[in-house]
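Report on the structure given below.
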Amino acid sequence: MNKLALHWQILIGMVIGTVVGIGLNLTASERETEIPALDPRLPETIQSAFISDTTARTTIEYTKKGEEETPVKWTIHPLGGEGNNVTSVKELKKVDAFAADIYLAHGQSTAKRFGGMMKSIGGLFLRMLQMVAVPLIVVSLLSGVLGLGLATEPKDGSTSDSDRPAGIGKMFTRTLLYYVCTSGLAIITGLLVVNIIRPGLGGNAAGAMAKDADAHAKPLSEVLFNQVEALIPANPLGAFTEPNFLSIIAFTLAFAVFALRCSRETQDRIRSLAEAGLDVMMSMTMAIISLAPLGVLFLMGYVSATQGTEVFSSLGKYVIAVAAALALHACVTLPLILYFIADRSPLDYVKAMSPALLTAFSSASSNGTLPLTMTSVRNRAGVSNRTSSFVLPLGATINMDGTALYEVVAVLFIAQLHGGQNLPLSQQIIVALTALLASVGAAGIPHAGLVMMVIILQAVGLPIEMQGIILAVDRVLDMARTAVNVWSDSCGCAVIDKVTQEAETLEENLTLPLGG
């Protein structure tokens, strides 16, 4: 199995896990347990208990001694509801620990019991992804931003801001603005598509639950202020240990930017340390990702054993939603920017970039495609070497349109599937902002989006084990979003090159002496 490509290994793991899970669901997903009076499994204060467990719904009913006319009844259902209805065992444990404990100990169906075991084993893989998330973000950002120091150092070796080439600073500002705008547009596209298709809801929203979520949602102004506040950590070390990813990304970017203002010697030391750390973390991350087939096997086994075959209908709609959103961004948004701002023919430009785009799609690695991207931009698309050598390496580090879009669709899909509802607007804004910043810290390697998704799921309080269901189709979508990442970088080269040329021409005209 080790000789097979990783995506084939993941596919095999998915198939095995699905077959085992569905087999358990079809044969052992229903169970009724009646615990009579005086049974040693019951505490002295309980008269009797009855538990009915199925794929769709779990009912737990018990009667207290002396209160035979008023039994306590709880229902566990993904959509929740009013009264004694909860969405999960975890939620039930908060309000009635006895009901949760008696269900876990004596009432679970065989499918759910084995599903829980598979969830625990698959959770180890997810914990490893969590383990590398913070250090990978830090060293990736430091290495990428500090790499700009090589380009921004003046030729005479001086380090004062006044001695740095003015053109580099302006190009950096324009490039950063382009990347933020296109990533923002990609995220908006993803939000629109996932709210229209609603892949995790089957086209139906749970009205009562949605209203309840909106009723408890914070005002938009408060949500935005909280996000801004999170960008300024009161204790950076505390942000790293919590972890608070918005604070981590913001502090790391600030640290790297201000390091560029220091001496060349200081920059070289920090950059060397960051690059060495990046080599180690990339190696560790790839080793963990190589365990994805086993993670997929157990997590798909858990999902299919506890939810049955209905989950695959939603998974197909999820793939359609991601593909549609990526296609809109790549075939509509970016070509319009290319045509109106860079004054380029989108069709001619995509032909020029086709070697890089096809390589990005097949390899799912924007970093690995970078040399070919630079060659195609310079030799086939006719973009200046000055622009491409600056814009593309920066883009491979911080510009991940496809990844940001994918993260938004994936997290909202998980929210829909897990809670039977769309997230309220305030939560969707948190997802969007976190996805934007998380995409900046995503490494340009296959499946790096899996690490970043953990960040966003934690930001809105969703269970990270639900990530297991989308791992099954992640490779194909990873290929598509990598191609979109490289396409956005390539379009950025044309845009920045055109804007820079126009700005320089305008400056030359303004500085010409009157009367020539």
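Letters A, B, ... mark the chains of the structure tokens in the order given; residue numbers begin at 1 per chain; ligand numbers begin at 1, in order shown.
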What are the closest atom pairs, with distances in Å to one decimal, for each residue of region 291-395 of chain A lying within 10 Å of region 462-476 of chain A, using only C-alpha atoms, rows by chain and rising residue number, as a tab-separated table?
```
residue	atom	partner	partner_atom	distance
A:Ala292	CA	A:Leu471	CA	8.0
A:Pro293	CA	A:Ala472	CA	8.9
A:Gly295	CA	A:Gly468	CA	7.5
A:Val296	CA	A:Gly468	CA	6.1
A:Leu297	CA	A:Ala472	CA	8.9
A:Phe298	CA	A:Gly468	CA	8.5
A:Leu299	CA	A:Gly468	CA	5.0
A:Met300	CA	A:Ile469	CA	5.9
A:Gly301	CA	A:Gly468	CA	9.4
A:Tyr302	CA	A:Gly468	CA	8.8
A:Val303	CA	A:Ile469	CA	6.8
A:Ser304	CA	A:Ile469	CA	8.9
A:Val311	CA	A:Ile469	CA	8.6
A:Phe312	CA	A:Ile469	CA	9.0
A:Leu315	CA	A:Ile470	CA	7.4
A:Gly316	CA	A:Val473	CA	9.3
A:Tyr318	CA	A:Ile470	CA	8.6
A:Val319	CA	A:Val473	CA	7.6
A:Ala323	CA	A:Val476	CA	9.9
A:Phe361	CA	A:Val476	CA	8.9
A:Ser362	CA	A:Val476	CA	9.4
A:Ala364	CA	A:Arg475	CA	8.1
```
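Taking only C-alpha atoms, the non-local environment of Asn385 (chain A) within 9 Å (same-chain residues fewer than 6 positions away omitted) comprises Met374, Val377 and Arg378 of chain A.
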Same residues, N, CA and C atoms, saved as a PDB file, in the first residue's frame:
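New file result-v3.pdb:
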```
ATOM      1  N   MET A 374       6.924  30.477 -12.379  1.00  0.00           N
ATOM      2  CA  MET A 374       7.779  31.619 -12.685  1.00  0.00           C
ATOM      3  C   MET A 374       8.256  31.584 -14.135  1.00  0.00           C
ATOM      4  N   VAL A 377       5.225  32.479 -16.426  1.00  0.00           N
ATOM      5  CA  VAL A 377       4.880  33.898 -16.338  1.00  0.00           C
ATOM      6  C   VAL A 377       5.872  34.747 -17.125  1.00  0.00           C
ATOM      7  N   ARG A 378       7.154  34.425 -17.001  1.00  0.00           N
ATOM      8  CA  ARG A 378       8.180  35.230 -17.670  1.00  0.00           C
ATOM      9  C   ARG A 378       8.231  34.950 -19.181  1.00  0.00           C
TER      10      ARG A 378
END
```
Minimum-distance residue to Leu176 (chain A), chosen among A:His77, A:Phe258, A:Leu423, A:Val145 (using only C-alpha atoms):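 Of A:His77, A:Phe258, A:Leu423, A:Val145, the one nearest Leu176 (chain A) is A:Val145, counting only C-alpha atoms.
Computed from the coordinates, the CA of Lys90 (chain A) to CA of Ala37 (chain A) distance equals 26.8 Å.
Of the residues under consideration (A:Thr309, A:Asp348, A:Leu142, A:Cys181), A:Leu142 shows the shortest atom-to-atom contact distance to Val257 (chain A) when counting only C-alpha atoms.
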